[in-house]
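So this one's upload.cif, mmCIF, C-alpha atoms:
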data_entry
#
loop_
_atom_site.label_atom_id
_atom_site.label_comp_id
_atom_site.auth_asym_id
_atom_site.auth_seq_id
_atom_site.Cartn_x
_atom_site.Cartn_y
_atom_site.Cartn_z
CA MET V 84 73.49 -60.68 59.11
CA PRO V 85 75.30 -61.94 62.24
CA THR V 86 73.17 -63.32 65.07
CA ASP V 87 73.25 -61.85 68.59
CA ARG V 88 75.53 -64.64 69.70
CA GLU V 89 77.90 -64.01 66.79
CA LEU V 90 77.96 -60.28 67.54
CA GLN V 91 78.68 -61.01 71.20
CA PHE V 92 81.51 -63.31 70.12
CA LEU V 93 83.00 -60.76 67.70
CA THR V 94 82.91 -58.08 70.42
CA LEU V 95 84.68 -60.43 72.81
CA VAL V 96 87.36 -61.25 70.24
CA ARG V 97 87.95 -57.61 69.34
CA GLN V 98 88.19 -56.61 73.01
CA ASN V 99 90.87 -59.26 73.50
CA ASP V 100 92.80 -58.94 70.22
CA ALA V 101 96.12 -58.09 71.82
CA ARG V 102 95.80 -60.71 74.55
CA LEU V 103 94.96 -63.53 72.15
CA HIS V 104 97.69 -62.54 69.77
CA ARG V 105 100.23 -62.45 72.59
CA ILE V 106 99.29 -65.97 73.73
CA CYS V 107 99.68 -67.21 70.16
CA ARG V 108 103.13 -65.68 69.91
CA VAL V 109 104.19 -67.24 73.22
CA TYR V 110 103.13 -70.74 72.19
CA ALA V 111 103.64 -70.82 68.42
CA GLY V 112 106.53 -69.89 66.18
CA GLY V 113 106.11 -68.34 62.73
CA ASN V 114 103.13 -66.52 61.28
CA ASP V 115 101.40 -69.58 59.86
CA GLU V 116 101.70 -71.49 63.10
CA GLN V 117 100.44 -68.52 65.08
CA ARG V 118 97.50 -68.11 62.74
CA ASP V 119 96.64 -71.81 63.10
CA LEU V 120 96.72 -71.54 66.88
CA LEU V 121 94.63 -68.36 66.79
CA GLN V 122 92.00 -70.12 64.67
CA GLU V 123 91.99 -73.07 67.06
CA ILE V 124 91.54 -70.76 70.05
CA LEU V 125 88.72 -68.86 68.32
CA LEU V 126 86.97 -72.13 67.54
CA GLN V 127 87.28 -73.30 71.16
CA LEU V 128 86.06 -69.93 72.44
CA TRP V 129 83.04 -70.14 70.17
CA ARG V 130 82.25 -73.70 71.25
CA SER V 131 82.72 -72.83 74.94
CA LEU V 132 80.62 -69.68 74.75
CA PRO V 133 77.34 -71.39 75.80
CA SER V 134 79.07 -72.89 78.85
CA PHE V 135 80.18 -69.46 79.98
CA ALA V 136 77.42 -68.36 82.32
CA GLY V 137 79.24 -65.87 84.47
CA ALA V 138 80.71 -68.53 86.76
CA SER V 139 84.05 -66.80 86.35
CA SER V 140 84.95 -63.35 85.01
CA PRO V 141 85.09 -62.98 81.20
CA ASP V 142 88.87 -62.46 81.39
CA THR V 143 89.39 -65.60 83.47
CA TRP V 144 87.17 -67.64 81.17
CA LEU V 145 88.91 -66.35 78.04
CA TYR V 146 92.35 -67.00 79.47
CA ARG V 147 91.40 -70.53 80.54
CA VAL V 148 90.08 -71.47 77.12
CA ALA V 149 92.99 -69.84 75.27
CA LEU V 150 95.73 -71.29 77.48
CA ASN V 151 94.24 -74.79 77.60
CA THR V 152 94.00 -74.76 73.81
CA ALA V 153 97.54 -73.39 73.48
CA LEU V 154 98.93 -76.04 75.84
CA THR V 155 97.25 -78.80 73.84
CA HIS V 156 98.58 -77.23 70.66
CA ALA V 157 102.10 -77.05 72.10
CA ARG V 158 101.94 -80.72 73.16
CA ARG V 159 100.91 -81.73 69.65
CA ASP V 160 103.87 -79.94 68.08
CA PRO V 161 106.67 -79.69 70.63
CA ALA V 162 109.40 -79.09 68.03
CA ARG V 163 108.05 -75.62 67.29
CA ARG V 164 107.87 -74.57 70.94
CA GLU V 165 111.52 -73.66 71.15
CA THR V 166 111.27 -71.00 68.47
CA ALA V 167 108.06 -69.51 69.79
CA LEU V 168 108.81 -66.20 71.43
CA GLU V 169 111.89 -65.46 69.38
CA ASP V 170 109.62 -64.42 66.52
CA GLU V 171 107.87 -61.91 68.79
CA ILE V 172 110.92 -59.72 68.64
CA ALA V 173 110.36 -59.04 64.98
CA VAL V 174 106.69 -58.29 65.53
CA ASP V 175 107.29 -55.68 68.28
CA ASP V 176 107.24 -52.08 67.21
CA ALA V 177 110.57 -51.00 65.80
CA PRO V 178 112.46 -48.83 68.26
CA ALA V 179 112.42 -45.16 67.44
CA ASP V 180 115.61 -44.77 69.46
CA VAL V 181 118.58 -45.82 67.30
CA THR V 182 121.23 -44.43 69.63
CA ASP V 183 123.67 -46.80 71.34
CA ALA V 184 121.55 -46.74 74.49
CA GLY V 185 118.39 -47.48 72.53
CA LEU V 186 120.00 -50.36 70.69
CA ASP V 187 121.29 -51.72 73.98
CA VAL V 188 117.79 -51.73 75.47
CA ARG V 189 116.53 -53.41 72.33
CA ALA V 190 119.22 -56.09 72.50
CA ARG V 191 118.45 -56.80 76.15
CA GLN V 192 114.76 -57.01 75.37
CA GLU V 193 115.54 -59.54 72.67
CA GLN V 194 117.61 -61.52 75.16
CA LEU V 195 114.73 -61.53 77.63
CA HIS V 196 112.24 -62.73 75.00
CA ALA V 197 114.64 -65.47 73.90
CA ALA V 198 115.03 -66.57 77.52
CA ILE V 199 111.23 -66.67 77.98
CA ALA V 200 110.98 -68.75 74.80
CA ARG V 201 113.12 -71.39 76.47
CA LEU V 202 110.81 -71.71 79.50
CA ASP V 203 108.60 -74.78 79.81
CA PRO V 204 104.95 -74.39 78.74
CA VAL V 205 103.67 -73.88 82.29
CA ASN V 206 106.15 -71.14 83.12
CA LYS V 207 105.51 -69.49 79.75
CA MET V 208 101.84 -69.37 80.71
CA LEU V 209 102.65 -67.62 84.00
CA MET V 210 104.92 -65.13 82.25
CA ALA V 211 102.33 -64.45 79.53
CA MET V 212 99.77 -63.47 82.16
CA TYR V 213 102.32 -61.56 84.24
CA LEU V 214 103.41 -59.55 81.19
CA ASP V 215 99.71 -58.87 80.52
CA GLU V 216 99.59 -57.23 83.98
CA ARG V 217 97.16 -59.76 85.46
CA SER V 218 96.92 -59.86 89.26
CA TYR V 219 98.08 -62.89 91.26
CA ARG V 220 94.41 -63.56 92.06
CA GLU V 221 93.49 -63.70 88.36
CA ILE V 222 96.49 -65.86 87.49
CA ALA V 223 95.59 -68.22 90.34
CA ASP V 224 91.97 -68.49 89.10
CA VAL V 225 93.03 -69.27 85.56
CA ILE V 226 95.69 -71.80 86.46
CA GLY V 227 94.03 -73.44 89.46
CA ILE V 228 96.70 -72.89 92.12
CA THR V 229 96.83 -70.55 95.12
CA GLU V 230 97.89 -66.89 94.97
CA ASN V 231 100.87 -67.65 97.21
CA HIS V 232 101.91 -70.39 94.86
CA VAL V 233 101.69 -67.98 91.91
CA GLY V 234 103.94 -65.55 93.78
CA VAL V 235 106.49 -68.24 94.56
CA LYS V 236 106.55 -69.53 91.01
CA LEU V 237 106.88 -66.07 89.46
CA HIS V 238 109.71 -65.29 91.88
CA ARG V 239 111.52 -68.47 90.80
CA ILE V 240 110.96 -67.74 87.11
CA LYS V 241 112.30 -64.19 87.47
CA GLN V 242 115.37 -65.51 89.29
CA ALA V 243 115.98 -68.12 86.61
CA LEU V 244 115.59 -65.53 83.84
CA ALA V 245 117.90 -63.11 85.64
CA ARG V 246 120.56 -65.82 86.04
CA GLN V 247 120.26 -66.74 82.40
CA LEU V 248 120.53 -63.13 81.24
CA THR V 249 123.54 -62.54 83.49
CA ARG V 250 125.28 -65.61 82.07
CA GLU V 251 124.64 -64.44 78.51
CA THR V 252 125.87 -60.92 79.25
CA VAL V 253 129.14 -62.09 80.83
CA MET D 138 116.22 -54.02 81.46
CA THR D 139 113.68 -54.22 84.29
CA TYR D 140 110.64 -56.44 84.35
CA GLU D 141 108.46 -53.36 84.45
CA THR D 142 109.95 -52.21 81.11
CA SER D 143 109.19 -55.61 79.66
CA ARG D 144 105.68 -55.57 81.06
CA ARG D 145 104.99 -52.20 79.47
CA ALA D 146 106.49 -53.34 76.16
CA SER D 147 104.41 -56.49 76.04
CA ALA D 148 101.22 -54.83 77.24
CA LYS D 149 101.19 -52.51 74.23
CA ALA D 150 98.11 -52.86 72.05
CA ASP D 151 98.69 -55.37 69.32
CA PRO D 152 95.66 -55.35 67.03
CA LEU D 153 94.74 -58.66 65.55
CA THR D 154 94.77 -57.64 61.93
CA THR D 155 95.11 -61.09 60.41
CA LEU D 156 91.41 -62.04 60.52
CA SER D 157 88.44 -59.91 59.51
CA ASP D 158 84.99 -60.24 61.12
CA ASP D 159 83.77 -62.15 58.08
CA GLU D 160 86.72 -64.55 58.26
CA ILE D 161 86.11 -65.17 61.96
CA LEU D 162 82.42 -65.87 61.37
CA ALA D 163 83.20 -68.16 58.44
CA LEU D 164 85.75 -70.02 60.56
CA ILE D 165 83.46 -70.66 63.52
CA GLN D 166 80.53 -71.61 61.29
CA THR D 167 82.35 -74.06 59.01
CA GLU D 168 84.85 -75.54 61.47
CA SER D 169 82.33 -75.91 64.26
CA HIS D 170 79.83 -77.63 61.99
CA GLN D 171 82.50 -79.92 60.57
CA LEU D 172 83.55 -80.94 64.07
CA ASP D 173 79.94 -81.69 65.03
CA ARG D 174 79.52 -83.73 61.84
CA ARG D 175 82.68 -85.74 62.56
CA ILE D 176 81.50 -86.58 66.10
CA ARG D 177 78.03 -87.57 64.85
CA TRP D 178 79.53 -89.73 62.08
CA ARG D 179 81.85 -91.52 64.56
CA ASP D 180 78.91 -92.33 66.86
CA TRP D 181 76.78 -93.53 63.94
CA ARG D 182 79.61 -95.68 62.57
CA GLU D 183 80.09 -97.46 65.88
CA MET D 184 76.38 -98.03 66.31
CA LEU D 185 76.06 -99.31 62.73
CA ALA D 186 78.93 -101.78 63.18
CA SER D 187 77.33 -103.16 66.35
CA VAL D 188 73.93 -103.49 64.65
CA ILE D 189 75.44 -105.32 61.64
CA VAL D 190 77.34 -107.80 63.83
CA GLY D 191 74.25 -108.24 66.00
CA VAL D 192 72.01 -108.93 62.98
CA VAL D 193 74.46 -111.49 61.59
CA ILE D 194 75.04 -113.22 64.91
CA ALA D 195 71.52 -113.17 66.41
CA PRO D 196 70.02 -115.93 64.21
CA VAL D 197 72.86 -118.28 65.14
CA ALA D 198 72.43 -117.42 68.80
CA MET D 199 68.74 -118.33 68.60
CA ARG D 200 68.58 -121.28 66.21
CA GLY D 201 72.09 -122.70 65.73
CA PRO D 202 73.62 -125.90 67.16
CA PRO D 203 74.52 -125.70 70.89
CA LEU D 204 78.24 -124.96 70.42
CA ALA D 205 77.54 -122.31 67.76
CA ARG D 206 74.87 -120.75 70.01
CA ALA D 207 77.35 -120.64 72.85
CA GLY D 208 79.89 -118.93 70.56
CA ALA D 209 77.30 -116.41 69.33
CA ALA D 210 76.25 -115.69 72.92
CA VAL D 211 79.90 -115.02 73.83
CA ILE D 212 80.21 -112.60 70.89
CA LEU D 213 77.00 -110.76 71.79
CA ALA D 214 78.08 -110.51 75.42
CA GLY D 215 81.47 -109.31 74.17
CA LEU D 216 79.80 -106.56 72.14
CA VAL D 217 77.98 -105.35 75.25
CA VAL D 218 81.28 -105.38 77.19
CA VAL D 219 83.08 -103.49 74.36
CA ALA D 220 80.32 -100.85 74.17
CA GLY D 221 80.35 -100.48 77.96
CA ARG D 222 84.13 -100.11 78.19
CA LEU D 223 84.23 -97.54 75.40
CA TRP D 224 81.39 -95.59 77.01
CA LEU D 225 83.18 -95.62 80.37
CA ALA D 226 86.43 -94.55 78.70
CA ARG D 227 84.73 -91.53 77.12
CA ARG D 228 83.33 -90.53 80.49
CA ALA D 229 86.67 -91.08 82.22
CA GLY D 230 87.82 -87.49 81.86
CA GLY D 231 84.57 -86.38 83.46
CA ARG D 232 83.38 -82.86 82.79
CA GLY D 233 86.88 -81.78 81.85
CA ALA D 234 87.48 -84.27 79.06
CA ALA D 235 86.80 -81.65 76.41
CA ASP D 236 86.01 -78.61 78.52
CA THR D 237 88.59 -75.93 77.86
CA SER D 238 86.93 -73.49 80.26
CA LEU D 239 88.24 -75.36 83.31
CA SER D 240 91.28 -74.05 85.14
CA VAL D 241 94.50 -75.23 83.53
CA ALA D 242 95.26 -77.60 86.44
CA GLU D 243 91.78 -79.15 86.31
CA ALA D 244 91.94 -79.51 82.52
CA LEU D 245 95.35 -81.21 82.74
CA ARG D 246 94.10 -83.60 85.45
CA ALA D 247 91.03 -84.45 83.37
CA GLU D 248 93.18 -85.08 80.30
CA LEU D 249 95.55 -87.24 82.36
CA ARG D 250 92.60 -89.31 83.62
CA ARG D 251 91.39 -89.74 80.05
CA VAL D 252 94.81 -90.78 78.72
CA SER D 253 95.41 -93.16 81.65
CA MET D 254 92.06 -94.78 81.02
CA GLN D 255 92.89 -95.16 77.32
CA ILE D 256 96.22 -96.78 78.20
CA ALA D 257 94.52 -99.21 80.59
CA LEU D 258 91.98 -100.04 77.88
CA LEU D 259 94.54 -100.68 75.15
CA GLU D 260 96.85 -102.66 77.42
CA SER D 261 94.01 -104.99 78.40
CA VAL D 262 92.50 -105.23 74.93
CA ALA D 263 93.23 -108.98 74.83
CA TRP D 264 90.75 -109.64 77.65
CA TRP D 265 87.82 -107.37 76.91
CA TYR D 266 87.95 -107.22 73.09
CA VAL D 267 90.04 -109.93 71.46
CA LEU D 268 89.17 -112.90 73.66
CA PRO D 269 85.35 -112.63 73.63
CA LEU D 270 85.05 -111.65 69.97
CA MET D 271 87.70 -113.94 68.49
CA GLY D 272 87.11 -116.78 70.95
CA GLY D 273 83.37 -116.56 70.43
CA SER D 274 83.76 -116.57 66.66
CA VAL D 275 85.98 -119.68 66.78
CA LEU D 276 83.42 -121.46 68.97
CA MET D 277 80.63 -120.40 66.61
CA VAL D 278 82.47 -121.61 63.50
CA ALA D 279 83.38 -124.88 65.21
CA GLY D 280 79.75 -125.45 66.18
CA LEU D 281 78.17 -124.64 62.83
CA ARG D 282 76.82 -127.55 60.81
CA GLY D 283 79.18 -128.53 58.04
CA SER D 284 82.34 -127.13 59.66
CA SER D 285 85.13 -129.67 59.19
CA ALA D 286 87.98 -130.00 61.68
CA PRO D 287 90.62 -128.72 59.20
CA PHE D 288 88.44 -125.68 58.37
CA THR D 289 87.88 -124.90 62.04
CA THR D 290 91.60 -125.29 62.76
CA GLY D 291 92.48 -123.01 59.85
CA TYR D 292 89.92 -120.46 60.99
CA ALA D 293 91.28 -120.59 64.54
CA LEU D 294 94.81 -119.99 63.25
CA VAL D 295 93.71 -116.99 61.17
CA ALA D 296 91.75 -115.64 64.17
CA ALA D 297 94.84 -116.08 66.36
CA VAL D 298 97.00 -114.14 63.90
CA ILE D 299 94.44 -111.33 63.69
CA ALA D 300 94.17 -111.30 67.50
CA TRP D 301 97.95 -111.11 67.82
CA GLY D 302 98.00 -108.25 65.30
CA ILE D 303 95.33 -106.31 67.22
CA ILE D 304 97.22 -106.75 70.50
CA VAL D 305 100.55 -105.69 68.97
CA LEU D 306 99.05 -102.62 67.26
CA ASN D 307 97.38 -101.51 70.49
CA ARG D 308 100.57 -101.95 72.52
CA ARG D 309 102.47 -99.99 69.89
CA ALA D 310 99.92 -97.18 70.11
CA VAL D 311 100.42 -97.09 73.89
CA HIS D 312 104.19 -97.12 73.60
CA ARG D 313 104.50 -94.54 70.81
CA SER D 314 101.68 -92.15 71.50
CA LEU D 315 99.76 -92.50 74.76
CA ALA D 316 102.59 -93.24 77.23
CA PRO D 317 104.64 -90.20 76.08
CA ARG D 318 101.49 -88.05 76.32
CA ARG D 319 100.79 -89.35 79.86
CA ASP D 320 104.40 -88.63 80.86
CA GLU D 321 104.18 -85.14 79.41
CA LEU D 322 100.90 -84.40 81.20
CA THR D 323 102.35 -85.72 84.45
CA GLY D 324 105.40 -83.50 83.92
CA LEU D 325 103.23 -80.43 83.27
CA LEU D 326 101.16 -81.10 86.39
CA THR D 327 104.29 -81.63 88.47
CA THR D 328 105.72 -78.33 87.21
CA LEU D 329 102.43 -76.60 87.90
CA GLU D 330 102.11 -77.94 91.43
CA SER D 331 105.76 -77.77 92.49
#
Output the structure of this file as structure tokens.
Amino acid sequence: MPTDRELQFLTLVRQNDARLHRICRVYAGGNDEQRDLLQEILLQLWRSLPSFAGASSPDTWLYRVALNTALTHARRDPARRETALEDEIAVDDAPADVTDAGLDVRARQEQLHAAIARLDPVNKMLMAMYLDERSYREIADVIGITENHVGVKLHRIKQALARQLTRETV
Amino acid sequence: MTYETSRRASAKADPLTTLSDDEILALIQTESHQLDRRIRWRDWREMLASVIVGVVIAPVAMRGPPLARAGAAVILAGLVVVAGRLWLARRAGGRGAADTSLSVAEALRAELRRVSMQIALLESVAWWYVLPLMGGSVLMVAGLRGSSAPFTTGYALVAAVIAWGIIVLNRRAVHRSLAPRRDELTGLLTTLES
């Protein structure tokens, strides 16, 4: 029979399934590697649970623990970083639209994911939270920089990605 | 494709089907306990080593010939210095040394402090570890009754080789592992703050 703390932990994990899985896919390539990272993040969340006393919001706390663990994981195994997001393409739902237009959207989405996979770990982190529809305030709290700074960095990342996608399209 | 399209695509629910509740509970129970055990065992091992050296050295420090007593005193003082430096190094990262709930920037700064402290420790290992322990042991052996000059010389040579080996291994660890990690952390912080 799980204890109250274990039940609280399981609820937290289930509420954040998609978010945790997305972070794993951003920072780890291949199913085994992603599963390893997920286990590492779960372990860190469990160990950090007593230190979470409402000082920050649950989302901010969860993101901090998950991203700090993912960054450490990425530093330990830098060779796998490059392939990280490319695998996400295969995991996404298959497109129902198999017309030329649908395939074109799919191809461009793949290009975007491949471009994100080539970002450095810090910019990947920003994009992961941006794609998860987090506000600038939340991103700033998790990362430890100002909201303005978040805006500037995201603007630069978008420009860099746009340039890269344009080059690949030409 | 717009960023909004990408945001919607990535924000889709993506259930974590790879681990069941039972698997998650088993993971946190076994892994967490194993980690605690490893930390406890490391602390016990270090304490045990210090106690053994202390027990072996203490009688010489109290009742040996003057030169041997001086050597034993240097070793005991060296042990205190070693314990103090290691304790300070563990505290170097402060609250963030192993706290993953800090902001990413704070966690990176804490890790950088910890790695820099480790580098400083390993680069100066000759002064705070090798010299007092090896030097003290040579003095002690030289001062013990019955130690001949050739034996003491031979012992000093062996101690010098071991000392050289310790210094080289520590420098190699800095060069191969810690310095690249420090550079990478500095790079991440620079990217984050630029």
Exercise. Taking the file as shown, what set of residues would the PyMOL selection byres ((chain V) within 9 of (chain D)) give back, as a PyMOL selection string?
Worked result: chain V and resi 85+89+93+97+99-105+118+122+125-131+134-135+143-152+154+158+175+188+191-192+195+203-206+211+213-216+223-228+232+236+241
Find the spatial neighbours of Trp301 (chain D), counting all atoms listed in the file, within a cut-off of 12 Å - ignore same-chain residues fewer than 3 positions away - and output them as a compact mmCIF listing (two decimals) with C-alpha atoms, in the frame of the given file.
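This went into around.txt:
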# COMPACT_ATOMS: atom_id res chain seq x y z
CA VAL D 262 92.50 -105.23 74.93
CA ALA D 263 93.23 -108.98 74.83
CA TYR D 266 87.95 -107.22 73.09
CA VAL D 267 90.04 -109.93 71.46
CA LEU D 268 89.17 -112.90 73.66
CA MET D 271 87.70 -113.94 68.49
CA LEU D 294 94.81 -119.99 63.25
CA VAL D 295 93.71 -116.99 61.17
CA ALA D 296 91.75 -115.64 64.17
CA ALA D 297 94.84 -116.08 66.36
CA VAL D 298 97.00 -114.14 63.90
CA ILE D 304 97.22 -106.75 70.50
CA VAL D 305 100.55 -105.69 68.97
CA LEU D 306 99.05 -102.62 67.26
CA ASN D 307 97.38 -101.51 70.49
CA ARG D 308 100.57 -101.95 72.52
Exercise. Which distance in Å separates CA of Leu259 (chain D) and CA of Arg228 (chain D), to one decimal?
Worked result: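 We find that CA of Leu259 (chain D) and CA of Arg228 (chain D) lie 16.0 Å from each other.
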For this session: Grab the CA of Arg250 (chain D) to CA of Gly221 (chain D) distance for me, in Å with one decimal place.
Result: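 These two atoms are separated by 17.5 Å.
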For this session: To one decimal in Å, tell me the separation between CA of Arg206 (chain D) and CA of Leu258 (chain D).
Result: 28.0 Å
Exercise. Which residues come within 9 Å of Thr289 (chain D), counting only C-alpha atoms, excluding same-chain residues fewer than 6 positions away, as number ranges by chain?
Worked result: D: 275-276, 278-279
Exercise. Out of V:Ser140, V:Thr94, V:Gln194, V:Gln117, which residue has the shortest atom-to-atom distance to Glu221 (chain V) when counting only C-alpha atoms?
Worked result: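 Nearest to Glu221 (chain V): V:Ser140.
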